[in-house]
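Structure record follows, encoded as structure tokens.
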Amino acid sequence: MLLLLVAAGLGAQPLMAQGQAVTNSEVSSSAAVLPSSPGATLTERHQTYIRPTDETKLRNYVFDAFGPYPIVGAAFAAGINQAYRTPPEWEEGAEGYGKRFGSDFAIAAVSTTTRYALAAAFREDTLYYRCECKGLFPRLGHAVISTVTARRGDDGYRVFSFPALASPYAGTMTAVYGWYPDRYSAKDAFRMGNYSMLGFVGGNIAMEFLYRGPHSWLSRMHLSNGRKAPDPGSTP
């Protein structure tokens, strides 16, 4: 959570700078404001934004929840939990690893499902859009602050996203009260949710700095939307 607060300061600069022109044929503007209403803390407007279709959002949800990335992520997390024997009540060996893998995969699936479902209810866009700014720290700040913000409306203005904030903890709460040993409580679920949130941060950073075109595997994590805002230096 401290990382997210620090990133808010870093993210303020790219949010304000993204209104600069990219090409002579492209006119884009953005404004970062602090509205008085409690429902939105940051607003960002992009004339280049086109809202994704329901088909695109459904395809991204299936890939995010059940595709190769959550499988690899669950395998990696299960390996760490196996090394630290978390939870200790689960056996070691293949059986214990299988339980941990299934648990981590289910946590990720519940988190992703919660985020997309709440985003649909709030009419938010959960896709990730690379920063139109330049520089390491502005792009890093954009990637981190995008973890708790989303696009809304036909013009894609950016707002604080309750679905993005709540979804990691929905997955861990489900695990603690669904299949974890009885001694685990909401405090443990919150702690585990913090790690899940850091996982979302890492995914956004990867999307920002490792993306290599619309046909790459990494692009399909969120950027299979062909109507995304253009990359810096590109034409819409």
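Following the order of the structure tokens, first chain is A, next is B, and so on, with residues numbered from 1 inside each chain and ligands from 1 in the order they appear.
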Within 12 Å of region 183-202 of chain A, which residues of region 89-153 of chain A show up? Give each one with its shortest atom-to-atom distance in Å (one decimal) and the two atoms involved, counting only C-alpha atoms, rows by chain then rising residue number, as a Markdown table.
| residue | atom | partner | partner_atom | distance |
| --- | --- | --- | --- | --- |
| A:Glu89 | CA | A:Arg183 | CA | 10.3 |
| A:Asp104 | CA | A:Ser196 | CA | 10.0 |
| A:Phe105 | CA | A:Ser196 | CA | 11.7 |
| A:Ile107 | CA | A:Ser196 | CA | 8.9 |
| A:Ala108 | CA | A:Ser196 | CA | 8.1 |
| A:Ala109 | CA | A:Ser196 | CA | 11.7 |
| A:Val110 | CA | A:Ser196 | CA | 11.6 |
| A:Ser111 | CA | A:Ser196 | CA | 8.8 |
| A:Thr112 | CA | A:Phe200 | CA | 10.3 |
| A:Arg115 | CA | A:Phe200 | CA | 11.6 |
| A:Tyr128 | CA | A:Phe200 | CA | 11.1 |
| A:Leu140 | CA | A:Val201 | CA | 9.9 |
| A:Gly141 | CA | A:Val201 | CA | 10.4 |
| A:His142 | CA | A:Val201 | CA | 10.5 |
| A:Ala143 | CA | A:Val201 | CA | 7.2 |
| A:Val144 | CA | A:Val201 | CA | 5.5 |
| A:Ile145 | CA | A:Val201 | CA | 8.4 |
| A:Ser146 | CA | A:Val201 | CA | 8.3 |
| A:Thr147 | CA | A:Val201 | CA | 5.9 |
| A:Val148 | CA | A:Val201 | CA | 9.2 |
| A:Thr149 | CA | A:Val201 | CA | 11.7 |
Contact residues around Ser161 (chain A) with only C-alpha atoms at 9 Å, ignoring same-chain residues under 5 positions, as JSON, numbers by chain: {"A": [39, 40, 119, 122, 124, 147, 148, 149, 150, 151, 166]}
Å distance separating CA of Ala94 (chain A) from CA of Gln82 (chain A), one decimal place: 9.8 Å
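Distance annotation: of A:Tyr97, A:Glu208, A:Asp54, A:Asn81, the residue with the minimal separation from Cys131 (chain A) is A:Glu208; atom set is only C-alpha atoms.
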Point-to-point distance from CA of Trp90 (chain A) to CA of Pro181 (chain A), Å rounded to tenths: 8.9 Å
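CA of Tyr49 (chain A) lies 5.8 Å from CA of Gly156 (chain A).
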Alpha helix (DSSP H) residues, from DSSP on the backbone, in region 70-195 of chain A, as a ChimeraX atom specification: /A:70-83,93-122,136-145,162-178,186-195
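Here the residues within region 136-205 of chain A that DSSP labels strand (DSSP E or B) on the basis of the backbone are Thr149, Ala150, Arg151, Arg152, Tyr157, Arg158, Val159 and Phe160 of chain A.
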With all heavy atoms retained, write the just-selected residues as an mmCIF file, in the first residue's frame.
data_model
loop_
_atom_site.group_PDB
_atom_site.id
_atom_site.type_symbol
_atom_site.label_atom_id
_atom_site.label_comp_id
_atom_site.auth_asym_id
_atom_site.auth_seq_id
_atom_site.Cartn_x
_atom_site.Cartn_y
_atom_site.Cartn_z
ATOM 1 N N THR A 149 -6.682 2.478 -10.861
ATOM 2 C CA THR A 149 -7.522 3.388 -11.626
ATOM 3 C C THR A 149 -8.085 2.655 -12.832
ATOM 4 O O THR A 149 -7.633 1.559 -13.174
ATOM 5 C CB THR A 149 -6.737 4.631 -12.100
ATOM 6 O OG1 THR A 149 -5.629 4.216 -12.903
ATOM 7 C CG2 THR A 149 -6.236 5.448 -10.918
ATOM 8 N N ALA A 150 -9.068 3.259 -13.498
ATOM 9 C CA ALA A 150 -9.682 2.652 -14.679
ATOM 10 C C ALA A 150 -10.217 3.759 -15.567
ATOM 11 O O ALA A 150 -10.284 4.933 -15.170
ATOM 12 C CB ALA A 150 -10.803 1.691 -14.270
ATOM 13 N N ARG A 151 -10.590 3.381 -16.794
ATOM 14 C CA ARG A 151 -11.206 4.325 -17.725
ATOM 15 C C ARG A 151 -12.727 4.231 -17.606
ATOM 16 O O ARG A 151 -13.280 3.157 -17.383
ATOM 17 C CB ARG A 151 -10.787 4.008 -19.166
ATOM 18 C CG ARG A 151 -9.278 4.018 -19.409
ATOM 19 C CD ARG A 151 -8.688 5.399 -19.249
ATOM 20 N NE ARG A 151 -7.271 5.386 -19.577
ATOM 21 C CZ ARG A 151 -6.788 5.757 -20.769
ATOM 22 N NH1 ARG A 151 -7.607 6.148 -21.725
ATOM 23 N NH2 ARG A 151 -5.491 5.721 -20.999
ATOM 24 N N ARG A 152 -13.364 5.361 -17.785
ATOM 25 C CA ARG A 152 -14.825 5.392 -17.708
ATOM 26 C C ARG A 152 -15.353 6.362 -18.759
ATOM 27 O O ARG A 152 -14.714 7.365 -19.083
ATOM 28 C CB ARG A 152 -15.288 5.814 -16.314
ATOM 29 C CG ARG A 152 -16.803 5.744 -16.118
ATOM 30 C CD ARG A 152 -17.190 6.161 -14.706
ATOM 31 N NE ARG A 152 -16.709 5.212 -13.702
ATOM 32 C CZ ARG A 152 -16.801 5.403 -12.385
ATOM 33 N NH1 ARG A 152 -17.322 6.534 -11.918
ATOM 34 N NH2 ARG A 152 -16.355 4.498 -11.538
ATOM 35 N N TYR A 157 -12.086 8.910 -19.591
ATOM 36 C CA TYR A 157 -11.464 9.652 -18.497
ATOM 37 C C TYR A 157 -11.134 8.691 -17.355
ATOM 38 O O TYR A 157 -11.835 7.718 -17.114
ATOM 39 C CB TYR A 157 -12.361 10.798 -18.017
ATOM 40 C CG TYR A 157 -13.675 10.387 -17.400
ATOM 41 C CD1 TYR A 157 -13.795 10.229 -16.023
ATOM 42 C CD2 TYR A 157 -14.802 10.186 -18.188
ATOM 43 C CE1 TYR A 157 -14.995 9.872 -15.440
ATOM 44 C CE2 TYR A 157 -16.016 9.830 -17.616
ATOM 45 C CZ TYR A 157 -16.105 9.670 -16.251
ATOM 46 O OH TYR A 157 -17.302 9.308 -15.687
ATOM 47 N N ARG A 158 -10.034 8.973 -16.685
ATOM 48 C CA ARG A 158 -9.501 8.067 -15.667
ATOM 49 C C ARG A 158 -10.038 8.415 -14.289
ATOM 50 O O ARG A 158 -10.061 9.594 -13.905
ATOM 51 C CB ARG A 158 -7.976 8.117 -15.653
ATOM 52 C CG ARG A 158 -7.342 7.062 -14.742
ATOM 53 C CD ARG A 158 -5.826 7.169 -14.769
ATOM 54 N NE ARG A 158 -5.314 6.880 -16.087
ATOM 55 C CZ ARG A 158 -5.093 5.638 -16.552
ATOM 56 N NH1 ARG A 158 -5.370 4.597 -15.788
ATOM 57 N NH2 ARG A 158 -4.613 5.453 -17.745
ATOM 58 N N VAL A 159 -10.462 7.384 -13.547
ATOM 59 C CA VAL A 159 -10.988 7.568 -12.198
ATOM 60 C C VAL A 159 -10.381 6.520 -11.272
ATOM 61 O O VAL A 159 -9.856 5.495 -11.723
ATOM 62 C CB VAL A 159 -12.529 7.433 -12.168
ATOM 63 C CG1 VAL A 159 -13.193 8.526 -12.988
ATOM 64 C CG2 VAL A 159 -12.962 6.054 -12.656
ATOM 65 N N PHE A 160 -10.448 6.793 -9.996
ATOM 66 C CA PHE A 160 -10.097 5.782 -9.004
ATOM 67 C C PHE A 160 -11.079 4.620 -9.143
ATOM 68 O O PHE A 160 -12.284 4.807 -9.260
ATOM 69 C CB PHE A 160 -10.157 6.358 -7.596
ATOM 70 C CG PHE A 160 -10.017 5.317 -6.520
ATOM 71 C CD1 PHE A 160 -8.775 4.811 -6.187
ATOM 72 C CD2 PHE A 160 -11.132 4.838 -5.846
ATOM 73 C CE1 PHE A 160 -8.636 3.846 -5.198
ATOM 74 C CE2 PHE A 160 -11.011 3.879 -4.859
ATOM 75 C CZ PHE A 160 -9.755 3.382 -4.542
#
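Of the residues listed (A:Leu118, A:Leu127, A:Met207, A:Ile50), A:Leu118 shows the shortest atom-to-atom separation from Phe162 (chain A); distances use only C-alpha atoms.
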